[in-house]
file final-v9.cif (mmCIF, C-alpha atoms)
data_my_file
loop_
_atom_site.group_PDB
_atom_site.id
_atom_site.type_symbol
_atom_site.label_atom_id
_atom_site.label_comp_id
_atom_site.auth_asym_id
_atom_site.auth_seq_id
_atom_site.Cartn_x
_atom_site.Cartn_y
_atom_site.Cartn_z
ATOM 1 C CA MET N 1 108.128 65.758 132.087
ATOM 2 C CA LYS N 2 107.911 62.556 130.045
ATOM 3 C CA LYS N 3 108.650 63.407 126.419
ATOM 4 C CA VAL N 4 106.847 61.507 123.688
ATOM 5 C CA THR N 5 109.600 62.680 121.342
ATOM 6 C CA GLU N 6 112.128 60.712 123.413
ATOM 7 C CA SER N 7 110.012 57.555 123.638
ATOM 8 C CA GLU N 8 111.449 54.245 122.486
ATOM 9 C CA SER N 9 110.937 53.585 118.773
ATOM 10 C CA ASN N 10 108.192 51.198 117.718
ATOM 11 C CA HIS N 11 110.833 49.491 115.567
ATOM 12 C CA THR N 12 113.683 47.372 116.927
ATOM 13 C CA ASP N 13 116.957 45.995 115.568
ATOM 14 C CA LEU N 14 117.199 48.684 112.890
ATOM 15 C CA ASP N 15 120.825 47.769 112.248
ATOM 16 C CA LYS N 16 119.748 44.281 111.198
ATOM 17 C CA LYS N 17 117.038 45.325 108.738
ATOM 18 C CA SER N 18 117.278 45.373 104.946
ATOM 19 C CA THR N 19 117.041 48.642 103.034
ATOM 20 C CA GLN N 20 113.462 47.824 102.045
ATOM 21 C CA GLU N 21 112.512 47.087 105.657
ATOM 22 C CA LEU N 22 114.013 50.384 106.776
ATOM 23 C CA LEU N 23 112.170 52.330 104.121
ATOM 24 C CA LEU N 24 108.845 50.657 104.833
ATOM 25 C CA GLY N 25 109.284 51.343 108.543
ATOM 26 C CA ILE N 26 110.085 55.018 108.024
ATOM 27 C CA ASN N 27 107.170 55.371 105.614
ATOM 28 C CA GLU N 28 104.829 53.704 108.094
ATOM 29 C CA GLU N 29 105.800 56.188 110.794
ATOM 30 C CA ASP N 30 105.568 59.174 108.453
ATOM 31 C CA GLN N 31 101.925 58.409 107.763
ATOM 32 C CA ALA N 32 101.100 59.355 111.352
ATOM 33 C CA VAL N 33 102.114 62.977 110.772
ATOM 34 C CA PRO N 34 99.183 64.382 108.725
ATOM 35 C CA ALA N 35 96.680 62.712 111.045
ATOM 36 C CA ALA N 36 98.326 64.338 114.064
ATOM 37 C CA ILE N 37 98.247 67.736 112.371
ATOM 38 C CA LYS N 38 94.572 67.395 111.510
ATOM 39 C CA LYS N 39 93.802 67.157 115.244
ATOM 40 C CA VAL N 40 95.329 70.586 115.920
ATOM 41 C CA ILE N 41 93.744 72.494 113.022
ATOM 42 C CA PRO N 42 91.304 74.349 115.364
ATOM 43 C CA GLN N 43 94.255 75.692 117.386
ATOM 44 C CA LEU N 44 96.216 76.387 114.222
ATOM 45 C CA GLU N 45 93.304 78.385 112.803
ATOM 46 C CA LYS N 46 93.397 80.756 115.785
ATOM 47 C CA LEU N 47 97.170 81.165 115.514
ATOM 48 C CA ILE N 48 97.010 81.961 111.801
ATOM 49 C CA ASP N 49 94.179 84.465 112.216
ATOM 50 C CA LYS N 50 96.224 86.326 114.828
ATOM 51 C CA ALA N 51 99.398 86.195 112.729
ATOM 52 C CA ALA N 52 97.541 87.561 109.698
ATOM 53 C CA GLU N 53 95.992 90.297 111.847
ATOM 54 C CA GLN N 54 99.456 91.412 112.981
ATOM 55 C CA LEU N 55 100.813 91.332 109.436
ATOM 56 C CA GLU N 56 97.856 93.330 108.116
ATOM 57 C CA LYS N 57 98.661 96.197 110.474
ATOM 58 C CA GLY N 58 102.285 96.278 109.373
ATOM 59 C CA GLY N 59 103.811 93.899 111.895
ATOM 60 C CA ARG N 60 106.161 91.031 111.170
ATOM 61 C CA LEU N 61 106.043 87.282 111.682
ATOM 62 C CA PHE N 62 109.002 85.819 113.559
ATOM 63 C CA TYR N 63 109.985 82.167 113.840
ATOM 64 C CA ILE N 64 112.501 81.386 116.562
ATOM 65 C CA GLY N 65 114.026 77.982 117.264
ATOM 66 C CA ALA N 66 117.161 75.903 117.660
ATOM 67 C CA GLY N 67 118.657 73.052 115.647
ATOM 68 C CA THR N 68 116.282 71.462 113.132
ATOM 69 C CA SER N 69 113.398 73.600 114.393
ATOM 70 C CA GLY N 70 115.335 76.814 113.863
ATOM 71 C CA ARG N 71 116.482 75.765 110.407
ATOM 72 C CA LEU N 72 112.933 74.958 109.333
ATOM 73 C CA GLY N 73 111.769 78.394 110.450
ATOM 74 C CA ILE N 74 114.523 80.096 108.476
ATOM 75 C CA VAL N 75 113.710 78.051 105.369
ATOM 76 C CA ASP N 76 110.016 78.942 105.530
ATOM 77 C CA ALA N 77 110.757 82.629 106.106
ATOM 78 C CA SER N 78 113.267 82.748 103.246
ATOM 79 C CA GLU N 79 110.740 81.296 100.798
ATOM 80 C CA CYS N 80 108.050 83.938 101.397
ATOM 81 C CA PRO N 81 109.574 86.801 99.329
ATOM 82 C CA PRO N 82 110.154 84.775 96.136
ATOM 83 C CA THR N 83 106.853 82.908 96.416
ATOM 84 C CA PHE N 84 104.549 85.757 97.407
ATOM 85 C CA GLY N 85 106.494 88.891 96.473
ATOM 86 C CA VAL N 86 106.513 90.238 100.036
ATOM 87 C CA PRO N 87 109.440 92.300 101.340
ATOM 88 C CA HIS N 88 112.377 90.582 102.979
ATOM 89 C CA GLY N 89 111.876 91.130 106.676
ATOM 90 C CA MET N 90 108.114 90.577 106.753
ATOM 91 C CA VAL N 91 108.706 86.975 107.803
ATOM 92 C CA VAL N 92 111.912 86.457 109.790
ATOM 93 C CA GLY N 93 113.604 83.245 110.902
ATOM 94 C CA ILE N 94 115.945 83.331 113.903
ATOM 95 C CA MET N 95 117.871 80.379 115.311
ATOM 96 C CA ALA N 96 120.173 79.741 118.238
ATOM 97 C CA GLY N 97 123.754 80.260 117.157
ATOM 98 C CA GLY N 98 122.907 82.585 114.263
ATOM 99 C CA ASP N 99 123.323 82.005 110.543
ATOM 100 C CA LYS N 100 126.424 79.843 110.957
ATOM 101 C CA ALA N 101 124.285 77.334 112.863
ATOM 102 C CA MET N 102 122.329 76.670 109.650
ATOM 103 C CA ARG N 103 125.207 74.476 108.472
ATOM 104 C CA LYS N 104 126.995 73.484 111.653
ATOM 105 C CA ALA N 105 125.656 73.050 115.170
ATOM 106 C CA VAL N 106 126.737 75.721 117.667
ATOM 107 C CA GLU N 107 127.295 73.978 120.977
ATOM 108 C CA PHE N 108 125.052 74.935 123.895
ATOM 109 C CA ALA N 109 123.550 77.969 122.112
ATOM 110 C CA GLU N 110 120.049 76.585 122.671
ATOM 111 C CA ASP N 111 120.646 76.313 126.429
ATOM 112 C CA ASP N 112 120.982 80.089 126.940
ATOM 113 C CA LYS N 113 117.635 81.416 128.159
ATOM 114 C CA GLU N 114 118.569 85.070 127.564
ATOM 115 C CA LEU N 115 119.991 84.710 124.064
ATOM 116 C CA GLY N 116 116.672 84.263 122.240
ATOM 117 C CA TRP N 117 115.283 87.537 123.534
ATOM 118 C CA ASN N 118 118.575 89.273 122.767
ATOM 119 C CA ASP N 119 118.345 88.034 119.165
ATOM 120 C CA LEU N 120 114.773 89.310 118.875
ATOM 121 C CA GLN N 121 115.780 92.714 120.252
ATOM 122 C CA LYS N 122 118.353 93.023 117.479
ATOM 123 C CA GLU N 123 115.354 92.963 115.119
ATOM 124 C CA VAL N 124 113.586 95.636 117.227
ATOM 125 C CA VAL N 125 110.628 93.326 117.884
ATOM 126 C CA ASP N 126 107.501 95.112 119.134
ATOM 127 C CA LYS N 127 103.793 94.721 119.919
ATOM 128 C CA ASP N 128 102.757 94.789 116.268
ATOM 129 C CA ASP N 129 104.785 91.636 115.570
ATOM 130 C CA PHE N 130 103.933 87.978 116.172
ATOM 131 C CA VAL N 131 106.564 85.555 117.483
ATOM 132 C CA ILE N 132 106.273 81.791 117.055
ATOM 133 C CA GLY N 133 108.645 79.588 119.042
ATOM 134 C CA ILE N 134 109.477 76.221 117.492
ATOM 135 C CA ALA N 135 110.838 73.331 119.568
ATOM 136 C CA ALA N 136 110.091 69.648 118.988
ATOM 137 C CA SER N 137 110.875 68.853 122.619
ATOM 138 C CA GLY N 138 109.051 71.909 123.913
ATOM 139 C CA THR N 139 111.792 72.448 126.491
ATOM 140 C CA THR N 140 114.432 74.514 124.649
ATOM 141 C CA PRO N 141 115.559 77.357 126.997
ATOM 142 C CA TYR N 142 116.557 79.651 124.103
ATOM 143 C CA VAL N 143 112.994 79.564 122.760
ATOM 144 C CA ILE N 144 111.116 79.535 126.061
ATOM 145 C CA GLY N 145 113.090 82.503 127.366
ATOM 146 C CA ALA N 146 112.322 84.476 124.218
ATOM 147 C CA LEU N 147 108.581 83.788 124.454
ATOM 148 C CA GLU N 148 108.495 84.682 128.151
ATOM 149 C CA LYS N 149 110.080 88.056 127.426
ATOM 150 C CA CYS N 150 107.681 88.619 124.544
ATOM 151 C CA GLN N 151 104.702 88.099 126.833
ATOM 152 C CA GLU N 152 106.208 90.422 129.434
ATOM 153 C CA ASN N 153 106.442 93.090 126.746
ATOM 154 C CA GLY N 154 102.952 92.599 125.314
ATOM 155 C CA ILE N 155 104.097 90.863 122.127
ATOM 156 C CA PRO N 156 101.705 88.071 121.009
ATOM 157 C CA THR N 157 103.213 84.594 120.856
ATOM 158 C CA GLY N 158 102.599 81.173 119.356
ATOM 159 C CA SER N 159 104.475 77.893 119.610
ATOM 160 C CA ILE N 160 104.907 74.588 117.818
ATOM 161 C CA THR N 161 105.966 71.484 119.731
ATOM 162 C CA CYS N 162 105.570 67.727 119.454
ATOM 163 C CA ASN N 163 105.075 66.974 123.141
ATOM 164 C CA PRO N 164 101.840 67.394 125.122
ATOM 165 C CA ASN N 165 101.813 69.809 128.071
ATOM 166 C CA ALA N 166 105.221 71.127 127.042
ATOM 167 C CA PRO N 167 106.872 74.028 128.911
ATOM 168 C CA ILE N 168 106.997 76.069 125.676
ATOM 169 C CA SER N 169 103.182 76.145 125.671
ATOM 170 C CA VAL N 170 103.066 78.129 128.922
ATOM 171 C CA PRO N 171 104.443 81.435 127.527
ATOM 172 C CA SER N 172 102.505 80.932 124.291
ATOM 173 C CA ASP N 173 99.197 82.669 123.570
ATOM 174 C CA TYR N 174 98.522 80.242 120.721
ATOM 175 C CA PRO N 175 100.202 76.898 121.511
ATOM 176 C CA ILE N 176 100.266 74.087 118.946
ATOM 177 C CA GLU N 177 101.058 70.633 120.329
ATOM 178 C CA VAL N 178 101.194 68.160 117.446
ATOM 179 C CA VAL N 179 101.964 64.755 118.960
ATOM 180 C CA VAL N 180 103.340 62.471 116.258
ATOM 181 C CA GLY N 181 104.562 59.683 118.574
ATOM 182 C CA PRO N 182 107.971 58.025 118.884
ATOM 183 C CA GLU N 183 110.530 58.556 116.144
ATOM 184 C CA PHE N 184 111.727 55.711 113.892
ATOM 185 C CA VAL N 185 115.202 56.234 115.328
ATOM 186 C CA THR N 186 114.588 56.877 119.021
ATOM 187 C CA GLY N 187 114.789 60.602 119.794
ATOM 188 C CA SER N 188 115.670 61.690 116.236
ATOM 189 C CA THR N 189 113.237 64.589 116.032
ATOM 190 C CA ARG N 190 114.502 65.679 112.619
ATOM 191 C CA MET N 191 112.266 62.881 111.321
ATOM 192 C CA LYS N 192 108.517 62.865 112.117
ATOM 193 C CA SER N 193 108.671 65.898 114.390
ATOM 194 C CA GLY N 194 110.610 67.847 111.781
ATOM 195 C CA THR N 195 108.145 66.809 109.086
ATOM 196 C CA ALA N 196 105.232 67.955 111.239
ATOM 197 C CA GLN N 197 106.880 71.304 111.890
ATOM 198 C CA LYS N 198 107.600 71.812 108.191
ATOM 199 C CA LEU N 199 104.005 71.048 107.219
ATOM 200 C CA ILE N 200 102.641 73.394 109.890
ATOM 201 C CA LEU N 201 104.987 76.196 108.841
ATOM 202 C CA ASN N 202 103.795 75.716 105.241
ATOM 203 C CA MET N 203 100.221 76.072 106.476
ATOM 204 C CA ILE N 204 100.968 79.187 108.531
ATOM 205 C CA SER N 205 102.852 81.156 105.887
ATOM 206 C CA THR N 206 100.670 80.070 102.965
ATOM 207 C CA ALA N 207 97.377 80.767 104.737
ATOM 208 C CA CYS N 208 98.640 84.143 105.982
ATOM 209 C CA MET N 209 99.768 85.195 102.517
ATOM 210 C CA ILE N 210 96.467 84.153 100.971
ATOM 211 C CA LYS N 211 94.621 86.163 103.620
ATOM 212 C CA LEU N 212 96.865 89.139 102.795
ATOM 213 C CA GLY N 213 95.798 88.914 99.136
ATOM 214 C CA ARG N 214 99.084 87.543 97.826
ATOM 215 C CA VAL N 215 97.361 84.745 95.887
ATOM 216 C CA LYS N 216 94.667 85.244 93.257
ATOM 217 C CA GLY N 217 92.479 82.213 92.690
ATOM 218 C CA ASN N 218 95.140 79.578 93.219
ATOM 219 C CA ARG N 219 98.045 81.426 91.582
ATOM 220 C CA MET N 220 101.192 83.124 92.856
ATOM 221 C CA VAL N 221 100.539 86.396 91.057
ATOM 222 C CA ASP N 222 103.208 88.276 93.036
ATOM 223 C CA MET N 223 106.024 85.724 92.746
ATOM 224 C CA GLN N 224 109.519 86.996 92.000
ATOM 225 C CA LEU N 225 110.751 86.360 88.463
ATOM 226 C CA SER N 226 114.078 84.924 89.583
ATOM 227 C CA ASN N 227 114.668 82.321 86.863
ATOM 228 C CA ASN N 228 113.530 81.306 83.372
ATOM 229 C CA LYS N 229 111.145 78.658 84.700
ATOM 230 C CA LEU N 230 109.258 81.245 86.732
ATOM 231 C CA ILE N 231 109.210 83.724 83.844
ATOM 232 C CA ASP N 232 107.708 81.025 81.623
ATOM 233 C CA ARG N 233 105.139 80.139 84.288
ATOM 234 C CA GLY N 234 104.330 83.812 84.789
ATOM 235 C CA ALA N 235 103.824 84.453 81.068
ATOM 236 C CA LYS N 236 101.364 81.572 80.865
ATOM 237 C CA MET N 237 99.562 82.905 83.934
ATOM 238 C CA VAL N 238 99.265 86.329 82.303
ATOM 239 C CA MET N 239 97.779 84.716 79.179
ATOM 240 C CA SER N 240 95.294 82.795 81.289
ATOM 241 C CA GLU N 241 94.315 85.804 83.409
ATOM 242 C CA LEU N 242 93.693 87.755 80.194
ATOM 243 C CA ASN N 243 91.654 84.913 78.703
ATOM 244 C CA ASN N 244 94.281 84.442 75.986
ATOM 245 C CA ALA N 245 93.721 87.961 74.651
ATOM 246 C CA VAL N 246 97.493 88.139 74.110
ATOM 247 C CA ASP N 247 99.967 85.616 72.742
ATOM 248 C CA TYR N 248 102.809 84.097 74.742
ATOM 249 C CA GLU N 249 105.504 86.568 73.661
ATOM 250 C CA THR N 250 103.303 89.577 74.377
ATOM 251 C CA ALA N 251 102.453 88.149 77.787
ATOM 252 C CA ARG N 252 106.137 87.555 78.469
ATOM 253 C CA GLN N 253 107.058 91.111 77.551
ATOM 254 C CA LEU N 254 104.260 92.504 79.712
ATOM 255 C CA LEU N 255 105.490 90.385 82.592
ATOM 256 C CA LEU N 256 109.106 91.481 82.257
ATOM 257 C CA GLN N 257 108.101 95.103 81.846
ATOM 258 C CA HIS N 258 105.905 95.233 84.945
ATOM 259 C CA GLY N 259 107.667 92.715 87.171
ATOM 260 C CA SER N 260 104.785 90.508 88.287
ATOM 261 C CA VAL N 261 101.738 88.725 86.949
ATOM 262 C CA ARG N 262 99.430 90.977 88.955
ATOM 263 C CA LYS N 263 100.981 94.206 87.643
ATOM 264 C CA ALA N 264 101.136 92.913 84.068
ATOM 265 C CA VAL N 265 97.435 92.056 84.070
ATOM 266 C CA GLU N 266 96.490 95.366 85.716
ATOM 267 C CA ALA N 267 98.550 97.298 83.158
ATOM 268 C CA PHE N 268 96.870 95.547 80.231
ATOM 269 C CA ASN N 269 93.400 96.125 81.616
#
call {"tool": "encode", "arguments": {"input": "final-v9.cif", "output": "structure tokens"}}
result
Amino acid sequence: MKKVTESESNHTDLDKKSTQELLLGINEEDQAVPAAIKKVIPQLEKLIDKAAEQLEKGGRLFYIGAGTSGRLGIVDASECPPTFGVPHGMVVGIMAGGDKAMRKAVEFAEDDKELGWNDLQKEVVDKDDFVIGIAASGTTPYVIGALEKCQENGIPTGSITCNPNAPISVPSDYPIEVVVGPEFVTGSTRMKSGTAQKLILNMISTACMIKLGRVKGNRMVDMQLSNNKLIDRGAKMVMSELNNAVDYETARQLLLQHGSVRKAVEAFN
């Protein structure tokens, strides 16, 4: 399989370029990412509808990956509870090598084809869940093995890769192949490929949460009040939702008393 992600960079002699030339080159390549994602929106729509369907019936959304891909999945999963007020464990990120691999690479963990499924079994994955494998190359054994086992056990699967006709797409019911082209530094998939994966994960989790009713209008009415900035934002949202029927301090007290913008507004009404 010829990997686009391993193709020679369009830019040469990087070590001889000025800082400005490097930045302009990186920026030029980055502009290809949104255009590539736009091409896969029809496939992404189907994946998100299925993920939301599973979540609506009480299932969970799993991201599983290795290296940069695994880290991005964990980041997206970890941001869902504070942003949308959902329980920890509704969206779960798993990566080869476990939590310690978030900071330091665990050698050869991604090459074990059985380990991904073993990690999913620790979470008691079942048919109500939805498992998305993430691999820029599309060839990571840890991820492919996990998706194959999911399909064998009737668990719906999706995948995100940056190579066309990638092996990861075979055991995926909803494959996403977002081809962003060669990296600025040849083979460095933490760059454009990583950016594409991050944007797609944003789209998946955000769209799912909106479909689950976790956003009202365009506001995070269920966000966790974990710092003063968010409390201030929440108080202003309460005032707005109540058409300024209460002043800021009253809105703030309602918010703190009830724990979320949604509950504060419902209590007042």
call {"tool": "closest_residue", "arguments": {"input": "final-v9.cif", "among": "N:Ala51, N:Leu72, N:Val238, N:Ile94", "to": "N:Val265", "atoms": "all atoms listed in the file"}}
result
N:Val238
call {"tool": "closest_residue", "arguments": {"input": "final-v9.cif", "among": "N:Glu148, N:Asp13, N:Asp99, N:Glu6", "to": "N:Val131", "atoms": "all atoms listed in the file"}}
result
N:Glu148
call {"tool": "atom_distance", "arguments": {"input": "final-v9.cif", "atom1": "atom CA of N:Val261", "atom2": "atom CA of N:Val221"}}
result
4.9 Å
call {"tool": "residues_around", "arguments": {"input": "final-v9.cif", "residues": "stretch 175-190 of chain N", "least_positions_apart": "3", "cutoff": "7 Å", "atoms": "only C-alpha atoms", "output": "PyMOL selection string"}}
result
chain N and resi 4-11+26+29+32-33+36-37+40+43-44+68+136+158-164+169+172+193-194
call {"tool": "write_last_selection", "arguments": {"input": "final-v9.cif", "atoms": "C-alpha atoms", "output": "short mmCIF file (atom, residue, chain, number, x, y, z; two decimals), in the coordinates of the input"}}
result
data_model
loop_
_atom_site.label_atom_id
_atom_site.label_comp_id
_atom_site.auth_asym_id
_atom_site.auth_seq_id
_atom_site.Cartn_x
_atom_site.Cartn_y
_atom_site.Cartn_z
CA VAL N 4 106.85 61.51 123.69
CA THR N 5 109.60 62.68 121.34
CA GLU N 6 112.13 60.71 123.41
CA SER N 7 110.01 57.56 123.64
CA GLU N 8 111.45 54.24 122.49
CA SER N 9 110.94 53.58 118.77
CA ASN N 10 108.19 51.20 117.72
CA HIS N 11 110.83 49.49 115.57
CA ILE N 26 110.08 55.02 108.02
CA GLU N 29 105.80 56.19 110.79
CA ALA N 32 101.10 59.36 111.35
CA VAL N 33 102.11 62.98 110.77
CA ALA N 36 98.33 64.34 114.06
CA ILE N 37 98.25 67.74 112.37
CA VAL N 40 95.33 70.59 115.92
CA GLN N 43 94.26 75.69 117.39
CA LEU N 44 96.22 76.39 114.22
CA THR N 68 116.28 71.46 113.13
CA ALA N 136 110.09 69.65 118.99
CA GLY N 158 102.60 81.17 119.36
CA SER N 159 104.48 77.89 119.61
CA ILE N 160 104.91 74.59 117.82
CA THR N 161 105.97 71.48 119.73
CA CYS N 162 105.57 67.73 119.45
CA ASN N 163 105.08 66.97 123.14
CA PRO N 164 101.84 67.39 125.12
CA SER N 169 103.18 76.14 125.67
CA SER N 172 102.50 80.93 124.29
CA SER N 193 108.67 65.90 114.39
CA GLY N 194 110.61 67.85 111.78
#
call {"tool": "resolve_selection", "arguments": {"input": "final-v9.cif", "expression": "the PyMOL selection byres ((chain N and resi 269) around 12)", "output": "PyMOL selection string"}}
result
chain N and resi 238+241-243+245-246+254+262-268
call {"tool": "write_last_selection", "arguments": {"input": "final-v9.cif", "atoms": "C-alpha atoms", "output": "mmCIF file, in the coordinates of the input"}}
result
data_model
loop_
_atom_site.group_PDB
_atom_site.id
_atom_site.type_symbol
_atom_site.label_atom_id
_atom_site.label_comp_id
_atom_site.auth_asym_id
_atom_site.auth_seq_id
_atom_site.Cartn_x
_atom_site.Cartn_y
_atom_site.Cartn_z
ATOM 1 C CA VAL N 238 99.265 86.329 82.303
ATOM 2 C CA GLU N 241 94.315 85.804 83.409
ATOM 3 C CA LEU N 242 93.693 87.755 80.194
ATOM 4 C CA ASN N 243 91.654 84.913 78.703
ATOM 5 C CA ALA N 245 93.721 87.961 74.651
ATOM 6 C CA VAL N 246 97.493 88.139 74.110
ATOM 7 C CA LEU N 254 104.260 92.504 79.712
ATOM 8 C CA ARG N 262 99.430 90.977 88.955
ATOM 9 C CA LYS N 263 100.981 94.206 87.643
ATOM 10 C CA ALA N 264 101.136 92.913 84.068
ATOM 11 C CA VAL N 265 97.435 92.056 84.070
ATOM 12 C CA GLU N 266 96.490 95.366 85.716
ATOM 13 C CA ALA N 267 98.550 97.298 83.158
ATOM 14 C CA PHE N 268 96.870 95.547 80.231
#
call {"tool": "closest_residue", "arguments": {"input": "final-v9.cif", "among": "N:Asp232, N:Asp112, N:Asp173, N:Asp15", "to": "N:Lys46", "atoms": "all atoms listed in the file"}}
result
N:Asp173
call {"tool": "atom_distance", "arguments": {"input": "final-v9.cif", "atom1": "atom CA of N:Ser78", "atom2": "atom CA of N:Ala52"}}
result
17.7 Å
call {"tool": "axis_aligned_box", "arguments": {"input": "final-v9.cif", "around": "stretch 128-145 of chain N", "padding_each_side": "3 Å", "output": "AutoDock Vina command-line options"}}
result
--center_x 109.7 --center_y 81.8 --center_z 121.5 --size_x 19.8 --size_y 31.9 --size_z 17.8
call {"tool": "atom_distance", "arguments": {"input": "final-v9.cif", "atom1": "atom CA of N:Lys198", "atom2": "atom CA of N:Ser260"}}
result
27.5 Å
call {"tool": "closest_residue", "arguments": {"input": "final-v9.cif", "among": "N:Gly89, N:Pro141, N:Gly154, N:Pro42", "to": "N:Glu123", "atoms": "all atoms listed in the file"}}
result
N:Gly89
call {"tool": "residues_around", "arguments": {"input": "final-v9.cif", "residues": "N:Arg71", "least_positions_apart": "5", "cutoff": "9 Å", "atoms": "all atoms listed in the file", "output": "JSON, numbers by chain"}}
result
{"N": [65, 66, 76, 93, 94, 95, 101, 102]}
call {"tool": "resolve_selection", "arguments": {"input": "final-v9.cif", "expression": "the PyMOL selection byres ((chain N and resi 53-60) around 7)", "output": "MDAnalysis selection string"}}
result
chainID N and resid 49:52 61:62 90:91 128:130 212
call {"tool": "closest_residue", "arguments": {"input": "final-v9.cif", "among": "N:Ala105, N:Val215, N:Ala196, N:Ala146", "to": "N:Ala35", "atoms": "only C-alpha atoms"}}
result
N:Ala196
call {"tool": "resolve_selection", "arguments": {"input": "final-v9.cif", "expression": "the PyMOL selection byres ((chain N and resi 133) around 6)", "output": "list in words"}}
result
Tyr63, Ile64, Gly65, Ile132, Ile134, Val143 and Ser159 of chain N
call {"tool": "write_last_selection", "arguments": {"input": "final-v9.cif", "atoms": "C-alpha atoms", "output": "compact mmCIF listing (two decimals), in the frame of the given file"}}
result
# COMPACT_ATOMS: atom_id res chain seq x y z
CA TYR N 63 109.98 82.17 113.84
CA ILE N 64 112.50 81.39 116.56
CA GLY N 65 114.03 77.98 117.26
CA ILE N 132 106.27 81.79 117.06
CA ILE N 134 109.48 76.22 117.49
CA VAL N 143 112.99 79.56 122.76
CA SER N 159 104.48 77.89 119.61
call {"tool": "residues_around", "arguments": {"input": "final-v9.cif", "residues": "N:Gly145", "least_positions_apart": "6", "cutoff": "10 Å", "atoms": "all atoms listed in the file", "output": "list in words"}}
result
Asp111, Asp112, Lys113, Glu114, Leu115, Gly116, Trp117, Asn118, Gly133, Ile168 and Pro171 of chain N
call {"tool": "decode", "arguments": {"input": "final-v9.cif", "residues": "stretch 190-215 of chain N", "atoms": "C-alpha atoms", "output": "compact mmCIF listing (two decimals), in the first residue's frame"}}
result
# COMPACT_ATOMS: atom_id res chain seq x y z
CA ARG N 190 1.17 15.05 13.84
CA MET N 191 0.92 18.01 11.46
CA LYS N 192 -1.80 18.10 8.75
CA SER N 193 -3.09 14.61 9.51
CA GLY N 194 -3.30 15.41 13.21
CA THR N 195 -5.08 18.69 12.46
CA ALA N 196 -7.60 16.87 10.27
CA GLN N 197 -8.26 14.29 12.96
CA LYS N 198 -8.73 16.98 15.60
CA LEU N 199 -11.21 18.89 13.45
CA ILE N 200 -13.17 15.73 12.66
CA LEU N 201 -13.29 14.71 16.32
CA ASN N 202 -14.61 18.20 17.15
CA MET N 203 -17.33 17.69 14.55
CA ILE N 204 -18.26 14.23 15.83
CA SER N 205 -18.53 15.06 19.52
CA THR N 206 -20.11 18.49 19.04
CA ALA N 207 -22.72 17.30 16.54
CA CYS N 208 -23.57 14.28 18.70
CA MET N 209 -24.02 16.41 21.81
CA ILE N 210 -26.22 18.89 19.96
CA LYS N 211 -28.35 16.01 18.68
CA LEU N 212 -28.61 14.74 22.27
CA GLY N 213 -30.00 18.12 23.36
CA ARG N 214 -26.89 19.27 25.21
CA VAL N 215 -26.88 22.66 23.47
